[in-house]
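Student: This one is entry_31.pdb, PDB, C-alpha atoms.
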ATOM      1  CA  MET W 163     124.893 252.449 110.756  1.00  0.00           C
ATOM      2  CA  VAL W 164     122.427 250.918 108.358  1.00  0.00           C
ATOM      3  CA  SER W 165     120.199 248.461 110.203  1.00  0.00           C
ATOM      4  CA  ARG W 166     119.737 244.779 109.480  1.00  0.00           C
ATOM      5  CA  ARG W 167     116.009 245.448 109.061  1.00  0.00           C
ATOM      6  CA  LEU W 168     116.495 248.161 106.441  1.00  0.00           C
ATOM      7  CA  ILE W 169     118.933 246.069 104.399  1.00  0.00           C
ATOM      8  CA  GLY W 170     116.721 242.989 104.711  1.00  0.00           C
ATOM      9  CA  ASN W 171     113.653 244.946 103.577  1.00  0.00           C
ATOM     10  CA  CYS W 172     115.499 246.267 100.522  1.00  0.00           C
ATOM     11  CA  ALA W 173     116.814 242.797  99.647  1.00  0.00           C
ATOM     12  CA  ARG W 174     113.331 241.262  99.916  1.00  0.00           C
ATOM     13  CA  LYS W 175     111.829 244.049  97.804  1.00  0.00           C
ATOM     14  CA  VAL W 176     114.314 243.378  95.007  1.00  0.00           C
ATOM     15  CA  ARG W 177     114.078 239.596  95.334  1.00  0.00           C
ATOM     16  CA  ASP W 178     110.281 239.456  95.452  1.00  0.00           C
ATOM     17  CA  GLY W 179     109.541 242.281  93.024  1.00  0.00           C
ATOM     18  CA  ASN W 180     108.521 242.006  89.390  1.00  0.00           C
ATOM     19  CA  ASP W 181     111.833 243.511  88.283  1.00  0.00           C
ATOM     20  CA  ASN W 182     114.032 240.820  89.878  1.00  0.00           C
ATOM     21  CA  LEU W 183     116.869 240.329  87.397  1.00  0.00           C
ATOM     22  CA  ASN W 184     118.306 237.326  89.261  1.00  0.00           C
ATOM     23  CA  PRO W 185     115.442 235.015  90.246  1.00  0.00           C
ATOM     24  CA  GLN W 186     117.876 232.103  90.582  1.00  0.00           C
ATOM     25  CA  VAL W 187     119.602 233.836  93.509  1.00  0.00           C
ATOM     26  CA  THR W 188     118.004 232.699  96.765  1.00  0.00           C
ATOM     27  CA  THR W 189     120.446 234.406  99.133  1.00  0.00           C
ATOM     28  CA  PRO W 190     121.477 237.854  97.944  1.00  0.00           C
ATOM     29  CA  ILE W 191     125.039 239.019  98.314  1.00  0.00           C
ATOM     30  CA  ILE W 192     124.961 242.251 100.274  1.00  0.00           C
ATOM     31  CA  GLY W 193     128.203 244.096 100.780  1.00  0.00           C
ATOM     32  CA  ALA W 194     129.659 247.298 102.088  1.00  0.00           C
ATOM     33  CA  VAL W 195     132.747 249.348 101.301  1.00  0.00           C
ATOM     34  CA  ARG W 196     134.819 250.208 104.364  1.00  0.00           C
ATOM     35  CA  HIS W 197     138.097 252.009 105.097  1.00  0.00           C
ATOM     36  CA  PHE W 198     140.444 249.960 107.248  1.00  0.00           C
ATOM     37  CA  PHE W 199     143.680 250.601 109.030  1.00  0.00           C
ATOM     38  CA  VAL W 200     145.292 248.058 111.325  1.00  0.00           C
ATOM     39  CA  ALA W 201     148.338 248.722 113.507  1.00  0.00           C
ATOM     40  CA  ASP W 202     149.891 246.936 116.464  1.00  0.00           C
ATOM     41  CA  THR W 203     147.889 249.042 118.949  1.00  0.00           C
ATOM     42  CA  ASP W 204     144.689 251.078 118.880  1.00  0.00           C
ATOM     43  CA  ARG W 205     146.636 254.220 119.742  1.00  0.00           C
ATOM     44  CA  GLU W 206     149.141 253.765 116.922  1.00  0.00           C
ATOM     45  CA  ALA W 207     146.347 253.081 114.437  1.00  0.00           C
ATOM     46  CA  GLU W 208     144.469 256.197 115.531  1.00  0.00           C
ATOM     47  CA  GLU W 209     147.581 258.399 115.358  1.00  0.00           C
ATOM     48  CA  ILE W 210     148.328 257.304 111.794  1.00  0.00           C
ATOM     49  CA  ALA W 211     144.819 256.932 110.390  1.00  0.00           C
ATOM     50  CA  ARG W 212     143.122 260.084 111.721  1.00  0.00           C
ATOM     51  CA  PRO W 213     145.237 262.582 109.724  1.00  0.00           C
ATOM     52  CA  ALA W 214     145.165 260.253 106.698  1.00  0.00           C
ATOM     53  CA  TYR W 215     141.363 260.173 106.816  1.00  0.00           C
ATOM     54  CA  LYS W 216     141.221 263.953 107.022  1.00  0.00           C
ATOM     55  CA  ILE W 217     143.230 264.165 103.775  1.00  0.00           C
ATOM     56  CA  TYR W 218     141.025 261.487 102.184  1.00  0.00           C
ATOM     57  CA  TYR W 219     137.877 263.385 103.120  1.00  0.00           C
ATOM     58  CA  GLN W 220     139.286 266.709 101.911  1.00  0.00           C
ATOM     59  CA  ASN W 221     140.119 265.114  98.562  1.00  0.00           C
ATOM     60  CA  ILE W 222     136.645 263.565  98.222  1.00  0.00           C
ATOM     61  CA  VAL W 223     134.780 266.824  98.894  1.00  0.00           C
ATOM     62  CA  LYS W 224     137.181 269.146  97.050  1.00  0.00           C
ATOM     63  CA  LEU W 225     135.070 269.707  93.942  1.00  0.00           C
ATOM     64  CA  TRP W 226     131.890 270.098  95.971  1.00  0.00           C
ATOM     65  CA  ARG W 227     133.631 272.687  98.153  1.00  0.00           C
ATOM     66  CA  ASP W 228     135.142 274.452  95.141  1.00  0.00           C
ATOM     67  CA  HIS W 229     131.661 274.883  93.704  1.00  0.00           C
ATOM     68  CA  GLY W 230     129.965 275.806  96.971  1.00  0.00           C
ATOM     69  CA  THR W 231     127.868 272.661  97.320  1.00  0.00           C
ATOM     70  CA  SER W 232     129.373 271.194 100.515  1.00  0.00           C
ATOM     71  CA  ARG W 233     130.324 272.321 104.003  1.00  0.00           C
ATOM     72  CA  ARG W 234     133.948 272.287 105.111  1.00  0.00           C
ATOM     73  CA  CYS W 235     135.405 269.185 106.679  1.00  0.00           C
ATOM     74  CA  SER W 236     136.228 269.303 110.371  1.00  0.00           C
ATOM     75  CA  LEU W 237     137.311 266.213 112.230  1.00  0.00           C
ATOM     76  CA  ARG W 238     137.199 268.162 115.490  1.00  0.00           C
ATOM     77  CA  SER W 239     133.488 268.874 115.631  1.00  0.00           C
ATOM     78  CA  GLY W 240     130.455 267.305 113.960  1.00  0.00           C
ATOM     79  CA  SER W 241     132.314 264.608 112.089  1.00  0.00           C
ATOM     80  CA  ARG W 242     133.489 262.830 115.251  1.00  0.00           C
ATOM     81  CA  ALA W 243     130.715 260.262 114.841  1.00  0.00           C
ATOM     82  CA  ARG W 244     131.694 259.723 111.214  1.00  0.00           C
ATOM     83  CA  TRP W 245     135.315 259.171 112.300  1.00  0.00           C
ATOM     84  CA  ARG W 246     134.295 256.625 114.956  1.00  0.00           C
ATOM     85  CA  ARG W 247     132.746 254.428 112.284  1.00  0.00           C
ATOM     86  CA  ARG W 248     136.125 253.873 110.653  1.00  0.00           C
ATOM     87  CA  ASP W 249     137.520 250.419 111.151  1.00  0.00           C
ATOM     88  CA  VAL W 250     140.773 251.474 112.723  1.00  0.00           C
ATOM     89  CA  GLY W 251     142.676 249.800 115.512  1.00  0.00           C
ATOM     90  CA  SER W 252     144.645 246.799 116.614  1.00  0.00           C
ATOM     91  CA  PRO W 253     143.861 243.429 115.041  1.00  0.00           C
ATOM     92  CA  ALA W 254     141.645 242.541 118.028  1.00  0.00           C
ATOM     93  CA  THR W 255     139.701 245.815 117.774  1.00  0.00           C
ATOM     94  CA  VAL W 256     139.180 245.475 114.030  1.00  0.00           C
ATOM     95  CA  ARG W 257     138.059 241.836 114.413  1.00  0.00           C
ATOM     96  CA  GLU W 258     135.495 242.915 117.008  1.00  0.00           C
ATOM     97  CA  ARG W 259     134.208 245.769 114.833  1.00  0.00           C
ATOM     98  CA  ILE W 260     133.818 243.529 111.797  1.00  0.00           C
ATOM     99  CA  SER W 261     131.991 240.899 113.868  1.00  0.00           C
ATOM    100  CA  ARG W 262     129.663 243.545 115.274  1.00  0.00           C
ATOM    101  CA  TYR W 263     129.059 244.976 111.803  1.00  0.00           C
ATOM    102  CA  PHE W 264     128.057 241.590 110.398  1.00  0.00           C
ATOM    103  CA  GLU W 265     125.799 240.976 113.412  1.00  0.00           C
ATOM    104  CA  GLN W 266     124.085 244.376 113.148  1.00  0.00           C
ATOM    105  CA  THR W 267     123.528 244.325 109.384  1.00  0.00           C
ATOM    106  CA  SER W 268     122.610 241.777 106.754  1.00  0.00           C
ATOM    107  CA  CYS W 269     125.901 242.299 104.945  1.00  0.00           C
ATOM    108  CA  ASN W 270     127.694 239.108 104.079  1.00  0.00           C
ATOM    109  CA  TYR W 271     130.849 240.524 102.512  1.00  0.00           C
ATOM    110  CA  LEU W 272     133.057 243.596 102.714  1.00  0.00           C
ATOM    111  CA  VAL W 273     135.065 245.488 100.123  1.00  0.00           C
ATOM    112  CA  LEU W 274     138.045 246.834 102.039  1.00  0.00           C
ATOM    113  CA  SER W 275     140.113 249.893 101.271  1.00  0.00           C
ATOM    114  CA  PHE W 276     143.577 249.871 102.827  1.00  0.00           C
ATOM    115  CA  ALA W 277     145.202 252.703 100.821  1.00  0.00           C
ATOM    116  CA  TRP W 278     143.539 256.090 101.250  1.00  0.00           C
ATOM    117  CA  GLY W 279     144.288 259.671 102.170  1.00  0.00           C
ATOM    118  CA  SER W 280     147.891 260.321 103.098  1.00  0.00           C
ATOM    119  CA  LEU W 281     148.795 256.751 104.060  1.00  0.00           C
ATOM    120  CA  SER W 282     152.153 255.776 102.614  1.00  0.00           C
ATOM    121  CA  TYR W 283     152.666 252.533 100.731  1.00  0.00           C
ATOM    122  CA  GLU W 284     154.544 251.141 103.728  1.00  0.00           C
ATOM    123  CA  GLN W 285     151.739 252.052 106.158  1.00  0.00           C
ATOM    124  CA  SER W 286     149.063 250.595 103.894  1.00  0.00           C
ATOM    125  CA  ARG W 287     151.076 247.429 103.289  1.00  0.00           C
ATOM    126  CA  ARG W 288     151.776 246.897 106.991  1.00  0.00           C
ATOM    127  CA  SER W 289     148.068 247.358 107.730  1.00  0.00           C
ATOM    128  CA  LEU W 290     147.110 244.864 105.019  1.00  0.00           C
ATOM    129  CA  ASP W 291     149.664 242.345 106.290  1.00  0.00           C
ATOM    130  CA  LEU W 292     148.359 242.644 109.875  1.00  0.00           C
ATOM    131  CA  PHE W 293     144.795 242.257 108.606  1.00  0.00           C
ATOM    132  CA  ALA W 294     145.633 239.174 106.534  1.00  0.00           C
ATOM    133  CA  ALA W 295     147.536 237.495 109.356  1.00  0.00           C
ATOM    134  CA  ASN W 296     145.452 238.476 112.380  1.00  0.00           C
ATOM    135  CA  VAL W 297     141.934 239.454 111.286  1.00  0.00           C
ATOM    136  CA  MET W 298     141.024 237.536 108.115  1.00  0.00           C
ATOM    137  CA  PRO W 299     141.458 234.036 109.587  1.00  0.00           C
ATOM    138  CA  GLU W 300     138.561 234.782 111.977  1.00  0.00           C
ATOM    139  CA  PHE W 301     136.211 235.240 109.030  1.00  0.00           C
ATOM    140  CA  ALA W 302     137.619 232.678 106.563  1.00  0.00           C
ATOM    141  CA  GLU W 303     134.874 230.112 107.184  1.00  0.00           C
ATOM    142  CA  ARG W 304     131.936 232.529 107.032  1.00  0.00           C
TER
END
Transcribe the structure of this file into structure tokens.

Tutor:
Amino acid sequence: MVSRRLIGNCARKVRDGNDNLNPQVTTPIIGAVRHFFVADTDREAEEIARPAYKIYYQNIVKLWRDHGTSRRCSLRSGSRARWRRRDVGSPATVRERISRYFEQTSCNYLVLSFAWGSLSYEQSRRSLDLFAANVMPEFAER
């Protein structure tokens, strides 16, 4: 994960540098793009999201693979750490991961992707509904 210190250093460099295009901005908006999947339980979320993420990843690296510029995707070996960073789980688990992410970084907003890989419309919609009802309220005042 990107550290709070690294993000803060980059933000200060842009803010304090001669090429600052937004000198009126005193607190920069720093965001991240994350894949989310919320289900009633951690196990259910994992069972649905893991194969969907594999398809997503295969689609993303397809052209690189076709042209010999990327290694093959394997969710069984070296990419386990990459998989663990996904924000997948029950509403309580996802709330905790978002809280930890905000605490460990200087990010102050997230761009969330709920439809990716092989997730069906129904799965993505259910995940979004669970997020809106059970996760978002925790962060509404931040």

Student: For each of W:Arg288, W:Lys216, W:Arg205, W:Arg257, take the minimum atom-to-atom distance to Glu300 of chain W, counting only C-alpha atoms, then give the residue where this is smallest.

Tutor: W:Arg257

Student: Which residue is closest to Leu292 of chain W? Choose from W:Gly251, W:Asp181, W:Phe264, W:Leu168 and count all atoms listed in the file.

Tutor: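 Once distances to Leu292 of chain W are computed over all atoms listed in the file, the minimum belongs to W:Gly251.
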
Student: To box segment 218-232 of chain W, take all atoms listed in the file, fit an axis-aligned box, add 3 Å on each side, and give centre and edge lengths in Å to one decimal, as JSON.

Tutor:
{"center_x": 134.4, "center_y": 268.6, "center_z": 98.4, "size_x": 19.2, "size_y": 20.3, "size_z": 15.4}

Student: Write out as a ChimeraX atom specification which residues come within 9 Å of Ala254 of chain W when counting only C-alpha atoms, dropping same-chain ones fewer than 5 positions away.

Tutor: /W:259,296-297

Student: Which of these, W:Asn180, W:Thr267, W:Ser252, W:Asn221, has the shortest distance to Ala194 of chain W once you count all atoms listed in the file?

Tutor: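 Distance minimum relative to Ala194 of chain W lands on W:Thr267.
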
Student: Could you work out how far atom CA of Asp204 of chain W lies from atom CA of Thr255 of chain W, giving the answer in Å with one decimal?

Tutor: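 Taking atom CA of Thr255 of chain W as the start and atom CA of Asp204 of chain W as the end point, the length is 7.3 Å.
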
Student: Enter the distance from atom CA of Leu274 of chain W to atom CA of Phe293 of chain W, in Å, rounded to one decimal.

Tutor: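 Interatomic distance, atom CA of Leu274 of chain W to atom CA of Phe293 of chain W: 10.5 Å.
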
Student: When the PyMOL selection byres ((chain W and resi 187) around 12) is applied to the structure above, which residues does it catch, written out as a VMD selection string?

Tutor: chain W and resid 173 to 174 176 to 178 182 to 186 188 to 191

Student: Please determine, counting all atoms listed in the file, which residue among W:Glu303, W:Trp278, W:Ile260, W:Ala294 has the shortest atom-to-atom distance to Arg212 of chain W.

Tutor: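 Under the stated criterion, the closest residue is W:Trp278.
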
Student: Between atom CA of Gly279 of chain W and atom CA of Ala201 of chain W, measure the distance and give it in Å to one decimal.

Tutor: 16.3 Å

Student: Compare W:Ile222, W:Leu290, W:Leu281, W:Val250 by their minimum atom-to-atom distance to His197 of chain W, counting only C-alpha atoms, and give me the closest one.

Tutor: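 The shortest atom-to-atom distance to His197 of chain W comes from W:Val250.
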
Student: Give the answer as one residue: which of W:Ser268, W:Ser275, W:Ser282, W:Asn171 has the shortest atom-to-atom distance to Ile210 of chain W, using all atoms listed in the file?

Tutor: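 The shortest atom-to-atom distance to Ile210 of chain W comes from W:Ser282.
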